[in-house]
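What follows is protein-v3.cif (mmCIF, C-alpha atoms and all ligand atoms).
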data_entry
#
loop_
_atom_site.label_atom_id
_atom_site.label_comp_id
_atom_site.auth_asym_id
_atom_site.auth_seq_id
_atom_site.Cartn_x
_atom_site.Cartn_y
_atom_site.Cartn_z
CA MET O 1033 1.76 50.72 -4.84
CA SER O 1034 1.42 47.51 -2.83
CA ARG O 1035 -1.20 45.42 -1.15
CA ILE O 1036 0.00 44.13 2.22
CA GLY O 1037 -1.45 40.72 3.07
CA TYR O 1038 -2.65 39.98 -0.45
CA ILE O 1039 -2.05 36.36 -1.32
CA ILE O 1040 -0.82 35.61 -4.82
CA LEU O 1041 -0.43 32.08 -6.12
CA VAL O 1042 2.26 31.72 -8.79
CA ILE O 1043 2.18 28.50 -10.85
CA ASP O 1044 5.09 28.08 -13.23
CA GLY O 1045 7.03 24.95 -14.23
CA ASN O 1046 10.20 26.97 -14.83
CA HIS O 1047 11.83 27.46 -11.46
CA ILE O 1048 13.93 30.49 -12.47
CA SER O 1049 10.94 32.40 -13.76
CA ARG O 1050 8.90 31.30 -10.71
CA GLN O 1051 11.58 32.54 -8.32
CA LEU O 1052 11.98 35.86 -10.11
CA ILE O 1053 8.24 36.54 -9.98
CA GLU O 1054 8.13 35.47 -6.34
CA ARG O 1055 11.02 37.80 -5.43
CA ILE O 1056 9.56 40.85 -7.12
CA LEU O 1057 6.13 40.27 -5.56
CA LYS O 1058 7.64 39.85 -2.12
CA THR O 1059 9.52 43.14 -2.41
CA HIS O 1060 6.07 44.68 -3.00
CA HIS O 1061 4.82 43.03 0.21
CA TYR O 1062 2.53 40.51 -1.39
CA GLN O 1063 2.22 37.14 0.30
CA VAL O 1064 3.31 34.57 -2.27
CA MET O 1065 2.62 30.86 -2.67
CA THR O 1066 4.37 29.02 -5.49
CA ALA O 1067 3.75 25.75 -7.30
CA ALA O 1068 5.61 24.00 -10.10
CA THR O 1069 2.65 22.00 -11.38
CA ALA O 1070 -1.06 22.63 -11.92
CA LEU O 1071 -2.15 19.92 -9.48
CA GLU O 1072 0.17 21.30 -6.79
CA GLY O 1073 -1.26 24.78 -7.46
CA ILE O 1074 -4.87 23.56 -7.24
CA ASP O 1075 -4.13 21.88 -3.89
CA LEU O 1076 -2.47 25.05 -2.56
CA ALA O 1077 -5.40 27.20 -3.71
CA ARG O 1078 -7.97 24.89 -2.12
CA ASN O 1079 -6.11 24.86 1.20
CA ASN O 1080 -5.45 28.57 1.32
CA PRO O 1081 -7.53 30.52 -1.24
CA PRO O 1082 -5.38 33.20 -2.91
CA ASP O 1083 -6.57 36.69 -3.96
CA LEU O 1084 -5.02 36.31 -7.40
CA VAL O 1085 -3.52 33.48 -9.45
CA ILE O 1086 -0.73 33.86 -11.99
CA THR O 1087 -0.23 30.75 -14.07
CA ASP O 1088 1.94 29.81 -16.99
CA VAL O 1089 -0.13 28.29 -19.79
CA ASP O 1090 2.36 25.50 -20.48
CA LEU O 1091 2.42 23.52 -17.26
CA PRO O 1092 3.95 20.05 -17.06
CA ASP O 1093 0.78 18.22 -16.00
CA MET O 1094 -2.10 20.37 -17.28
CA ASP O 1095 -2.75 23.28 -19.58
CA GLY O 1096 -2.99 26.61 -17.67
CA ARG O 1097 -6.42 27.15 -19.23
CA GLU O 1098 -7.64 23.81 -17.89
CA LEU O 1099 -6.36 24.89 -14.51
CA ALA O 1100 -8.47 28.06 -14.81
CA THR O 1101 -11.55 25.98 -15.67
CA THR O 1102 -10.89 23.71 -12.69
CA LEU O 1103 -10.56 26.64 -10.28
CA ARG O 1104 -13.67 28.36 -11.67
CA GLY O 1105 -15.62 25.19 -10.84
CA ASP O 1106 -15.15 26.04 -7.15
CA PRO O 1107 -17.47 28.91 -6.05
CA ARG O 1108 -14.64 30.33 -3.89
CA PHE O 1109 -12.71 31.17 -7.07
CA ALA O 1110 -15.62 32.47 -9.14
CA GLU O 1111 -14.31 36.05 -8.97
CA THR O 1112 -10.59 35.47 -8.35
CA PRO O 1113 -8.45 37.06 -11.08
CA ILE O 1114 -6.60 34.30 -12.95
CA ILE O 1115 -3.81 35.73 -15.08
CA ALA O 1116 -2.27 33.55 -17.77
CA ILE O 1117 1.34 33.98 -18.83
CA MET O 1118 1.13 33.58 -22.60
CA ASN O 1119 1.52 35.50 -25.78
CA TYR O 1120 -2.01 36.30 -26.80
CA GLU O 1121 -1.56 37.92 -30.18
CA ASP O 1122 -3.36 34.96 -31.72
CA PRO O 1123 -7.02 36.01 -31.23
CA VAL O 1124 -8.28 32.40 -31.30
CA GLN O 1125 -5.90 31.32 -28.52
CA ARG O 1126 -6.78 34.42 -26.54
CA SER O 1127 -10.55 33.82 -26.87
CA MET O 1128 -10.10 30.19 -25.89
CA ALA O 1129 -8.21 31.24 -22.75
CA LEU O 1130 -10.97 33.71 -21.85
CA ALA O 1131 -13.61 31.04 -22.46
CA ALA O 1132 -11.72 28.72 -20.14
CA GLY O 1133 -11.96 31.22 -17.28
CA VAL O 1134 -8.75 33.25 -17.63
CA SER O 1135 -9.29 36.92 -16.71
CA GLY O 1136 -6.17 38.52 -18.11
CA PHE O 1137 -2.78 37.99 -19.71
CA LEU O 1138 0.87 38.66 -19.02
CA ASP O 1139 3.32 38.53 -21.90
CA LYS O 1140 5.87 35.75 -21.91
CA PRO O 1141 8.62 36.31 -20.71
CA VAL O 1142 7.14 38.34 -17.90
CA ASP O 1143 8.31 41.97 -17.77
CA LEU O 1144 9.33 42.05 -14.12
CA ARG O 1145 9.47 45.85 -13.91
CA ALA O 1146 5.96 46.25 -15.25
CA LEU O 1147 4.56 43.33 -13.23
CA PRO O 1148 3.57 45.20 -10.01
CA ASN O 1149 1.55 47.78 -11.92
CA GLN O 1150 -0.07 45.14 -14.10
CA LEU O 1151 -1.13 43.19 -11.01
CA GLU O 1152 -2.46 46.30 -9.37
CA PHE O 1153 -4.65 46.78 -12.46
CA PHE O 1154 -6.15 43.30 -12.12
CA ILE O 1155 -6.53 43.46 -8.34
CA SER O 1156 -8.41 46.74 -8.50
CA GLY O 1157 -10.97 45.14 -10.78
CA GLY O 1158 -9.42 45.87 -14.15
CA ALA O 1159 -10.09 43.14 -16.66
CA ILE O 1160 -9.40 42.46 -20.27
CA GLU O 1161 -12.41 43.27 -22.36
CA LYS O 1162 -14.44 40.17 -23.15
CA ASP O 1163 -14.95 39.15 -26.76
CA SER O 1164 -18.35 39.22 -28.39
CA THR O 1165 -20.80 36.46 -27.36
CA HIS O 1166 -20.51 34.87 -30.74
CA MET O 1167 -16.71 34.67 -30.54
CA MET O 1168 -16.85 33.43 -26.95
CA ASN O 1169 -19.25 30.62 -27.84
CA ALA O 1170 -17.05 29.51 -30.70
CA ALA O 1171 -13.97 29.67 -28.45
CA ARG O 1172 -15.74 27.69 -25.73
CA ALA O 1173 -16.67 24.93 -28.20
CA ARG O 1174 -13.12 24.79 -29.51
CA PHE O 1175 -11.66 24.72 -26.00
CA LEU O 1176 -14.01 21.87 -25.08
CA GLN O 1177 -12.92 19.90 -28.12
CA GLU O 1178 -9.26 20.40 -27.19
CA VAL O 1179 -9.85 19.28 -23.62
CA VAL O 1180 -11.71 16.17 -24.74
CA LYS O 1181 -8.95 15.34 -27.21
CA ARG O 1182 -6.32 15.75 -24.50
CA LEU O 1183 -8.37 13.52 -22.22
CA GLU O 1184 -8.52 10.84 -24.87
CA THR O 1185 -4.75 11.01 -25.44
CA ARG O 1186 -4.20 10.85 -21.68
CA ASN O 1187 -6.48 7.82 -21.38
CA ARG O 1188 -4.56 6.05 -24.10
CA GLU O 1189 -1.26 6.87 -22.40
CA ILE O 1190 -2.57 5.58 -19.07
CA ARG O 1191 -3.74 2.38 -20.73
CA GLU O 1192 -0.32 1.85 -22.29
CA GLN O 1193 1.36 2.58 -18.97
CA ASN O 1194 -0.94 0.06 -17.28
CA VAL O 1195 -0.01 -2.62 -19.79
CA ALA O 1196 3.69 -1.87 -19.23
CA LEU O 1197 3.24 -1.96 -15.45
CA GLU O 1198 1.32 -5.22 -15.66
CA ARG O 1199 4.16 -6.70 -17.73
CA LEU O 1200 6.72 -5.49 -15.19
CA ASN O 1201 4.65 -6.91 -12.36
CA GLN O 1202 4.51 -10.26 -14.10
CA MET O 1203 8.27 -10.19 -14.68
CA LYS O 1204 8.77 -9.47 -10.99
CA ASP O 1205 6.50 -12.39 -10.01
CA THR O 1206 8.29 -14.74 -12.41
CA PHE O 1207 11.66 -13.55 -11.11
CA ILE O 1208 10.65 -14.17 -7.49
CA GLN O 1209 9.18 -17.56 -8.40
CA LEU O 1210 12.28 -18.68 -10.31
CA THR O 1211 14.62 -17.47 -7.59
CA ALA O 1212 12.64 -19.31 -4.92
CA HIS O 1213 12.62 -22.50 -7.00
CA GLU O 1214 16.36 -22.21 -7.65
CA LEU O 1215 16.99 -21.83 -3.93
CA ARG O 1216 15.00 -24.93 -3.08
CA THR O 1217 17.59 -27.50 -4.25
CA PRO O 1218 20.72 -26.08 -2.58
CA LEU O 1219 18.63 -25.49 0.52
CA SER O 1220 17.48 -29.06 0.83
CA LEU O 1221 21.12 -30.11 0.42
CA LEU O 1222 22.09 -27.69 3.17
CA ILE O 1223 19.38 -29.09 5.43
CA GLY O 1224 20.51 -32.63 4.60
CA TYR O 1225 24.13 -31.79 5.47
CA THR O 1226 23.23 -30.11 8.75
CA ASP O 1227 21.09 -33.12 9.68
CA LEU O 1228 23.98 -35.42 8.82
CA ILE O 1229 26.36 -33.44 11.02
CA HIS O 1230 23.75 -33.40 13.74
CA ASP O 1231 23.23 -37.17 13.69
CA HIS O 1232 26.87 -38.06 13.12
CA PRO O 1233 28.37 -40.14 15.97
CA GLU O 1234 31.54 -38.01 15.91
CA GLU O 1235 29.42 -34.91 16.40
CA THR O 1236 27.68 -36.44 19.42
CA LYS O 1237 31.09 -37.04 20.94
CA ALA O 1238 32.35 -33.60 20.01
CA VAL O 1239 29.25 -31.97 21.52
CA GLN O 1240 29.81 -33.86 24.73
CA ARG O 1241 33.30 -32.35 24.87
CA ASP O 1242 32.31 -28.85 23.73
CA ASP O 1243 28.95 -27.35 24.66
CA SER O 1244 29.37 -24.27 22.45
CA LEU O 1245 29.49 -26.57 19.41
CA ARG O 1246 25.91 -27.64 20.12
CA THR O 1247 24.84 -23.96 20.27
CA LEU O 1248 26.52 -23.31 16.92
CA LEU O 1249 24.90 -26.32 15.29
CA ASP O 1250 21.46 -25.53 16.69
CA GLY O 1251 21.83 -21.95 15.42
CA LEU O 1252 22.77 -23.23 11.99
CA GLN O 1253 19.79 -25.58 11.86
CA THR O 1254 17.36 -22.90 13.00
CA SER O 1255 18.61 -20.40 10.42
CA VAL O 1256 18.48 -22.90 7.56
CA GLN O 1257 14.99 -23.88 8.66
CA ARG O 1258 13.98 -20.22 8.64
CA ILE O 1259 15.30 -19.69 5.10
CA GLN O 1260 13.41 -22.79 4.02
CA ASN O 1261 10.18 -21.42 5.53
CA ILE O 1262 10.61 -18.14 3.68
CA VAL O 1263 11.31 -19.90 0.37
CA GLU O 1264 8.27 -22.16 0.85
CA GLU O 1265 6.10 -19.12 1.70
CA VAL O 1266 7.23 -17.35 -1.48
CA ILE O 1267 6.61 -20.44 -3.63
CA THR O 1268 3.14 -21.06 -2.16
CA THR O 1269 2.24 -17.39 -2.58
CA SER O 1270 3.18 -17.40 -6.24
CA GLU O 1271 1.30 -20.69 -6.74
CA ILE O 1272 -1.77 -19.13 -5.17
CA MET O 1273 -1.42 -15.98 -7.26
CA THR O 1274 -1.09 -17.98 -10.46
CA ASP O 1275 -3.83 -20.43 -9.51
CA THR O 1276 -1.45 -23.37 -9.72
CA VAL O 1277 -1.70 -24.51 -6.13
CA HIS O 1278 -2.27 -28.27 -5.99
CA ILE O 1279 -4.98 -29.37 -3.62
CA ARG O 1280 -5.19 -33.01 -2.62
CA VAL O 1281 -8.48 -33.34 -0.81
CA SER O 1282 -9.10 -36.18 1.62
CA GLU O 1283 -11.21 -36.78 4.70
CA THR O 1284 -9.28 -34.94 7.37
CA ALA O 1285 -9.86 -34.97 11.12
CA MET O 1286 -9.39 -31.29 11.85
CA GLY O 1287 -8.82 -31.93 15.57
CA ILE O 1288 -5.74 -33.97 14.70
CA VAL O 1289 -4.43 -31.25 12.38
CA ALA O 1290 -4.88 -28.68 15.16
CA SER O 1291 -3.17 -30.95 17.76
CA ASN O 1292 -0.20 -31.46 15.41
CA VAL O 1293 0.16 -27.73 14.86
CA ILE O 1294 0.08 -27.03 18.60
CA ARG O 1295 2.63 -29.76 19.20
CA MET O 1296 4.93 -28.21 16.60
CA TYR O 1297 5.04 -24.98 18.64
CA GLN O 1298 5.12 -26.64 22.07
CA ASP O 1299 8.65 -25.47 22.98
CA ALA O 1300 8.05 -21.85 22.03
CA LEU O 1301 4.65 -21.87 23.77
CA GLN O 1302 6.25 -23.13 26.95
CA LYS O 1303 9.11 -20.67 26.80
CA ARG O 1304 6.65 -17.81 26.39
CA ARG O 1305 4.22 -19.18 29.01
CA LEU O 1306 1.44 -18.97 26.43
CA LYS O 1307 -1.53 -21.18 27.25
CA VAL O 1308 -3.41 -22.76 24.35
CA HIS O 1309 -7.02 -23.59 25.20
CA PHE O 1310 -7.94 -26.45 22.92
CA SER O 1311 -9.81 -29.73 23.11
CA PRO O 1312 -9.96 -32.02 20.06
CA ALA O 1313 -13.38 -33.31 21.17
CA GLY O 1314 -16.11 -31.95 18.94
CA TRP O 1315 -13.78 -31.13 16.01
CA GLY O 1316 -15.18 -32.63 12.84
CA VAL O 1317 -13.89 -34.35 9.72
CA LEU O 1318 -13.66 -32.16 6.62
CA ASN O 1319 -12.85 -32.83 2.99
CA VAL O 1320 -9.71 -30.73 2.75
CA ASP O 1321 -6.02 -30.90 1.92
CA ASP O 1322 -4.54 -31.77 5.31
CA HIS O 1323 -1.06 -30.35 4.53
CA LEU O 1324 -2.46 -27.03 3.39
CA MET O 1325 -4.86 -26.83 6.35
CA HIS O 1326 -1.91 -27.56 8.61
CA ARG O 1327 -0.17 -24.54 7.06
CA VAL O 1328 -3.18 -22.32 7.58
CA LEU O 1329 -3.53 -23.23 11.25
CA ALA O 1330 0.25 -23.03 11.75
CA ASN O 1331 0.28 -19.50 10.31
CA LEU O 1332 -2.64 -18.40 12.47
CA LEU O 1333 -1.20 -19.96 15.63
CA SER O 1334 2.30 -18.55 15.03
CA ASN O 1335 0.75 -15.09 14.45
CA ALA O 1336 -1.27 -15.42 17.65
CA MET O 1337 2.00 -16.25 19.44
CA LYS O 1338 3.94 -13.43 17.80
CA TYR O 1339 1.43 -10.78 18.73
CA THR O 1340 0.46 -11.93 22.23
CA PRO O 1341 2.55 -10.98 25.27
CA ASP O 1342 4.20 -13.68 27.39
CA GLY O 1343 1.75 -15.44 29.69
CA GLY O 1344 -1.24 -14.73 27.41
CA ASP O 1345 -3.98 -17.07 26.23
CA ILE O 1346 -4.76 -18.49 22.80
CA PHE O 1347 -8.05 -20.25 22.06
CA LEU O 1348 -8.63 -22.71 19.21
CA SER O 1349 -12.23 -23.71 18.69
CA TYR O 1350 -14.47 -25.44 16.16
CA GLN O 1351 -18.17 -24.96 15.49
CA THR O 1352 -20.65 -25.91 12.80
CA HIS O 1353 -23.54 -23.85 11.62
CA ASP O 1354 -25.68 -23.85 8.45
CA ALA O 1355 -23.65 -26.43 6.46
CA HIS O 1356 -20.39 -24.70 7.38
CA ALA O 1357 -17.55 -25.41 9.77
CA TYR O 1358 -16.00 -22.47 11.63
CA ILE O 1359 -12.48 -22.69 13.01
CA ILE O 1360 -11.63 -19.79 15.29
CA VAL O 1361 -8.16 -18.80 16.47
CA ARG O 1362 -8.42 -16.14 19.16
CA ASP O 1363 -5.63 -14.50 21.11
CA THR O 1364 -5.21 -11.99 23.91
CA GLY O 1365 -2.57 -9.95 22.13
CA ILE O 1366 -2.06 -6.50 20.68
CA GLY O 1367 -4.98 -6.85 18.25
CA ILE O 1368 -5.38 -5.29 14.83
CA ASN O 1369 -6.86 -1.89 14.25
CA PRO O 1370 -10.19 -2.41 12.36
CA GLU O 1371 -8.92 -0.20 9.52
CA HIS O 1372 -6.32 -2.91 8.75
CA HIS O 1373 -8.75 -5.85 8.98
CA GLN O 1374 -9.08 -6.26 5.21
CA ARG O 1375 -5.56 -5.37 4.21
CA VAL O 1376 -3.69 -7.77 6.53
CA PHE O 1377 -4.65 -10.46 4.00
CA ASP O 1378 -2.82 -8.61 1.20
CA ARG O 1379 0.59 -9.80 0.12
CA PHE O 1380 3.51 -8.12 1.91
CA TYR O 1381 1.15 -6.16 4.16
CA THR O 1382 2.23 -5.70 7.75
CA THR O 1383 0.69 -3.26 10.17
CA GLY O 1384 4.10 -2.15 11.41
CA ASP O 1385 3.22 -2.44 15.08
CA ILE O 1386 6.51 -4.18 15.77
CA ASP O 1387 7.37 -2.03 18.77
CA ARG O 1388 4.42 -3.60 20.55
CA HIS O 1389 5.57 -7.15 19.87
CA THR O 1390 6.79 -8.95 22.95
CA THR O 1391 9.32 -11.03 21.09
CA SER O 1392 11.15 -10.50 17.85
CA LYS O 1393 9.55 -12.10 14.81
CA THR O 1394 12.63 -14.21 14.16
CA ALA O 1395 12.16 -16.22 17.33
CA PHE O 1396 9.20 -18.01 15.79
CA LEU O 1397 10.51 -19.20 12.44
CA GLY O 1398 7.87 -16.99 10.86
CA GLY O 1399 8.61 -15.45 7.49
CA GLY O 1400 7.79 -12.00 8.75
CA LEU O 1401 7.29 -10.94 5.15
CA GLY O 1402 3.58 -10.25 5.45
CA LEU O 1403 2.81 -13.31 3.33
CA GLY O 1404 1.36 -15.64 5.97
CA LEU O 1405 -2.21 -14.36 5.90
CA ALA O 1406 -2.21 -13.95 2.10
CA ILE O 1407 -1.32 -17.65 1.92
CA CYS O 1408 -4.05 -18.55 4.45
CA LYS O 1409 -6.60 -16.64 2.40
CA GLY O 1410 -5.49 -18.29 -0.86
CA ILE O 1411 -5.66 -21.78 0.63
CA VAL O 1412 -9.01 -21.26 2.36
CA GLU O 1413 -10.56 -19.73 -0.76
CA ALA O 1414 -9.19 -22.56 -2.92
CA HIS O 1415 -11.26 -24.84 -0.65
CA GLY O 1416 -14.38 -22.76 -1.31
CA GLY O 1417 -14.17 -21.12 2.11
CA LYS O 1418 -13.60 -17.69 3.60
CA ILE O 1419 -11.28 -16.21 6.19
CA TRP O 1420 -11.57 -12.92 8.02
CA THR O 1421 -10.55 -11.23 11.22
CA GLU O 1422 -12.59 -9.48 13.88
CA SER O 1423 -11.78 -7.50 16.98
CA VAL O 1424 -12.41 -9.29 20.21
CA GLY O 1425 -12.78 -6.44 22.66
CA GLU O 1426 -10.76 -5.69 25.78
CA ASP O 1427 -9.71 -8.78 27.71
CA HIS O 1428 -8.33 -9.11 31.20
CA HIS O 1429 -4.85 -8.02 29.98
CA ASN O 1430 -6.38 -4.80 28.65
CA LEU O 1431 -5.26 -5.68 25.15
CA PRO O 1432 -7.77 -5.86 22.34
CA GLY O 1433 -6.79 -9.33 21.09
CA SER O 1434 -7.53 -10.72 17.62
CA GLN O 1435 -9.62 -13.50 16.28
CA PHE O 1436 -9.32 -15.13 12.91
CA ILE O 1437 -12.29 -17.08 11.62
CA ILE O 1438 -12.09 -19.71 8.90
CA MET O 1439 -15.35 -20.78 7.34
CA LEU O 1440 -15.31 -23.99 5.29
CA PRO O 1441 -18.17 -25.82 3.58
CA LEU O 1442 -19.08 -29.07 5.41
CA GLN O 1443 -19.65 -30.87 2.10
P1 LIG J 1501 3.77 -11.59 9.10
O1 LIG J 1501 4.69 -12.59 8.55
O2 LIG J 1501 4.28 -10.20 9.07
O3 LIG J 1501 3.22 -11.98 10.44
P2 LIG J 1501 1.08 -12.07 8.08
O4 LIG J 1501 0.55 -12.03 6.69
O5 LIG J 1501 0.96 -13.37 8.80
O6 LIG J 1501 2.58 -11.58 8.02
O7 LIG J 1501 0.35 -10.96 8.92
C1 LIG J 1501 0.23 -9.66 8.39
C2 LIG J 1501 0.17 -8.64 9.51
O8 LIG J 1501 -1.05 -8.78 10.23
C3 LIG J 1501 1.25 -8.82 10.56
O9 LIG J 1501 2.44 -8.15 10.18
C4 LIG J 1501 0.61 -8.20 11.78
O10 LIG J 1501 0.82 -6.80 11.76
C5 LIG J 1501 -0.86 -8.48 11.60
N1 LIG J 1501 -1.30 -9.66 12.39
C6 LIG J 1501 -1.47 -10.92 11.94
N2 LIG J 1501 -1.93 -11.73 12.92
C7 LIG J 1501 -2.07 -10.95 14.01
C8 LIG J 1501 -2.53 -11.19 15.36
N3 LIG J 1501 -2.92 -12.41 15.77
N4 LIG J 1501 -2.52 -10.14 16.21
C9 LIG J 1501 -2.13 -8.92 15.82
N5 LIG J 1501 -1.69 -8.63 14.57
C10 LIG J 1501 -1.66 -9.62 13.68
#

As a first step, turn the structure in this file into structure tokens.
Ligand code: ADP
Amino acid sequence: MSRIGYIILVIDGNHISRQLIERILKTHHYQVMTAATALEGIDLARNNPPDLVITDVDLPDMDGRELATTLRGDPRFAETPIIAIMNYEDPVQRSMALAAGVSGFLDKPVDLRALPNQLEFFISGGAIEKDSTHMMNAARARFLQEVVKRLETRNREIREQNVALERLNQMKDTFIQLTAHELRTPLSLLIGYTDLIHDHPEETKAVQRDDSLRTLLDGLQTSVQRIQNIVEEVITTSEIMTDTVHIRVSETAMGIVASNVIRMYQDALQKRRLKVHFSPAGWGVLNVDDHLMHRVLANLLSNAMKYTPDGGDIFLSYQTHDAHAYIIVRDTGIGINPEHHQRVFDRFYTTGDIDRHTTSKTAFLGGGLGLGLAICKGIVEAHGGKIWTESVGEDHHNLPGSQFIIMLPLQ
């Protein structure tokens, strides 16, 4: 006998036994879904409710009886036959399985020849006789105790795993920190040497004779500079993460900081025909670390440049309101989907919209590691401020644009 179109879910961690059951059921025209773990099986059942579930009791992630209890919690599976593969001679184990929601049993190993008839029995409403109420209540209490005990063990395991992960994470941070520090010295030597070559009178003569030499030297300097930026980004990030960032606060004219940052990117801005709308008039004096604030604005401006097409506009403005200063960097670029607004400030988080960038990241000496905004956030928060991003709305280039807002206390 067979039931065409009947869906049977087979959950068994042993792939040979799973495949054998699947094959025999298919030859009897059942539709079969298979899963190797309880969680996989639960997901399959929820997406496509089966007419009958066969589950091994010993599953890698959950006990088959717990799986039955989970499924019974969903009204769609209130009547679905759930057949456990287990040896049920032990009456206590058997009662506990019934109390958990199992409707019948198949002996382990499954007798493949008898299987179709056994299933037919369950499908046509046949069920194992229930135990007496008294036995069922006792079994239910025992099952509950077992589940709670397993939960406790699991919680302890998770806690231990968390401690181990935390330790690993710390080791990784220390490793990155040490590596970055170790790179600092040879790098500054490298920068020193390239500067020496650059300023050497012989080099000036040689460059006059050979133009390609200048290109090579400029390339060398740019690449070394880029490595230095990455190393500095990594070091600052780990200082921020470990709360060891040194802040030297002094009265700082923010308009001057902003002008310096813009000047630093003048060449790239010109090359990309990006117009920066900025006037130092009206920018106030704040008690901040000028170097760190320079880094924040440099990161925001270089991002605005990276993610705005050639010929676009970038606006830098300053306002005060309610004892706070607001510095706003707005661009007319590709924008950030609101669902990423919080996460762009996470370490190593990038939105992956690179195909929409007008220029490769490398052209701007940016780290490109997804650390820039995490650093900005760390620095701003260390000053008692806040930083966030908002959508701007469509501009005349039909791009959403981004704006980053820094809020700093005036006192
Ligand atoms: P990255 O070095 O990758 O630029 P950031 O931490 O500075 O790292 O930025 C994280 C991500 O946020 C970027 O990869 C980019 O996807 C997005 N982003 C930052 N600034 C802008 C902006 N002005 N316009 C659009 N996307 C931006």

Step by step, gather every atom of range 1252-1267 of chain O that the file lists, find the box along x, y and z that holds them, add 4 Å on each side, and finally give centre and edge lengths in Å to one decimal, as AutoDock Vina command-line options.
--center_x 14.4 --center_y -21.5 --center_z 4.7 --size_x 24.7 --size_y 16.2 --size_z 24.6

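The coordinates place CA of Glu1265 in chain O at 19.5 Å from CA of Asn1292 in chain O.
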
Within 9 Å of ligand LIG 1501 (chain J) (only C-alpha atoms and all ligand atoms), residues as a ChimeraX atom specification: /O:1331-1340,1361-1369,1372-1373,1375-1386,1389,1393,1398-1408,1421,1433-1436

Selected residues, C-alpha atoms, written as a PDB file, in the coordinates of the input, please.
ATOM      1  CA  ASN O1331       0.280 -19.500  10.310  1.00  0.00           C
ATOM      2  CA  LEU O1332      -2.640 -18.400  12.470  1.00  0.00           C
ATOM      3  CA  LEU O1333      -1.200 -19.960  15.630  1.00  0.00           C
ATOM      4  CA  SER O1334       2.300 -18.550  15.030  1.00  0.00           C
ATOM      5  CA  ASN O1335       0.750 -15.090  14.450  1.00  0.00           C
ATOM      6  CA  ALA O1336      -1.270 -15.420  17.650  1.00  0.00           C
ATOM      7  CA  MET O1337       2.000 -16.250  19.440  1.00  0.00           C
ATOM      8  CA  LYS O1338       3.940 -13.430  17.800  1.00  0.00           C
ATOM      9  CA  TYR O1339       1.430 -10.780  18.730  1.00  0.00           C
ATOM     10  CA  THR O1340       0.460 -11.930  22.230  1.00  0.00           C
ATOM     11  CA  VAL O1361      -8.160 -18.800  16.470  1.00  0.00           C
ATOM     12  CA  ARG O1362      -8.420 -16.140  19.160  1.00  0.00           C
ATOM     13  CA  ASP O1363      -5.630 -14.500  21.110  1.00  0.00           C
ATOM     14  CA  THR O1364      -5.210 -11.990  23.910  1.00  0.00           C
ATOM     15  CA  GLY O1365      -2.570  -9.950  22.130  1.00  0.00           C
ATOM     16  CA  ILE O1366      -2.060  -6.500  20.680  1.00  0.00           C
ATOM     17  CA  GLY O1367      -4.980  -6.850  18.250  1.00  0.00           C
ATOM     18  CA  ILE O1368      -5.380  -5.290  14.830  1.00  0.00           C
ATOM     19  CA  ASN O1369      -6.860  -1.890  14.250  1.00  0.00           C
ATOM     20  CA  HIS O1372      -6.320  -2.910   8.750  1.00  0.00           C
ATOM     21  CA  HIS O1373      -8.750  -5.850   8.980  1.00  0.00           C
ATOM     22  CA  ARG O1375      -5.560  -5.370   4.210  1.00  0.00           C
ATOM     23  CA  VAL O1376      -3.690  -7.770   6.530  1.00  0.00           C
ATOM     24  CA  PHE O1377      -4.650 -10.460   4.000  1.00  0.00           C
ATOM     25  CA  ASP O1378      -2.820  -8.610   1.200  1.00  0.00           C
ATOM     26  CA  ARG O1379       0.590  -9.800   0.120  1.00  0.00           C
ATOM     27  CA  PHE O1380       3.510  -8.120   1.910  1.00  0.00           C
ATOM     28  CA  TYR O1381       1.150  -6.160   4.160  1.00  0.00           C
ATOM     29  CA  THR O1382       2.230  -5.700   7.750  1.00  0.00           C
ATOM     30  CA  THR O1383       0.690  -3.260  10.170  1.00  0.00           C
ATOM     31  CA  GLY O1384       4.100  -2.150  11.410  1.00  0.00           C
ATOM     32  CA  ASP O1385       3.220  -2.440  15.080  1.00  0.00           C
ATOM     33  CA  ILE O1386       6.510  -4.180  15.770  1.00  0.00           C
ATOM     34  CA  HIS O1389       5.570  -7.150  19.870  1.00  0.00           C
ATOM     35  CA  LYS O1393       9.550 -12.100  14.810  1.00  0.00           C
ATOM     36  CA  GLY O1398       7.870 -16.990  10.860  1.00  0.00           C
ATOM     37  CA  GLY O1399       8.610 -15.450   7.490  1.00  0.00           C
ATOM     38  CA  GLY O1400       7.790 -12.000   8.750  1.00  0.00           C
ATOM     39  CA  LEU O1401       7.290 -10.940   5.150  1.00  0.00           C
ATOM     40  CA  GLY O1402       3.580 -10.250   5.450  1.00  0.00           C
ATOM     41  CA  LEU O1403       2.810 -13.310   3.330  1.00  0.00           C
ATOM     42  CA  GLY O1404       1.360 -15.640   5.970  1.00  0.00           C
ATOM     43  CA  LEU O1405      -2.210 -14.360   5.900  1.00  0.00           C
ATOM     44  CA  ALA O1406      -2.210 -13.950   2.100  1.00  0.00           C
ATOM     45  CA  ILE O1407      -1.320 -17.650   1.920  1.00  0.00           C
ATOM     46  CA  CYS O1408      -4.050 -18.550   4.450  1.00  0.00           C
ATOM     47  CA  THR O1421     -10.550 -11.230  11.220  1.00  0.00           C
ATOM     48  CA  GLY O1433      -6.790  -9.330  21.090  1.00  0.00           C
ATOM     49  CA  SER O1434      -7.530 -10.720  17.620  1.00  0.00           C
ATOM     50  CA  GLN O1435      -9.620 -13.500  16.280  1.00  0.00           C
ATOM     51  CA  PHE O1436      -9.320 -15.130  12.910  1.00  0.00           C
TER      52      PHE O1436
END
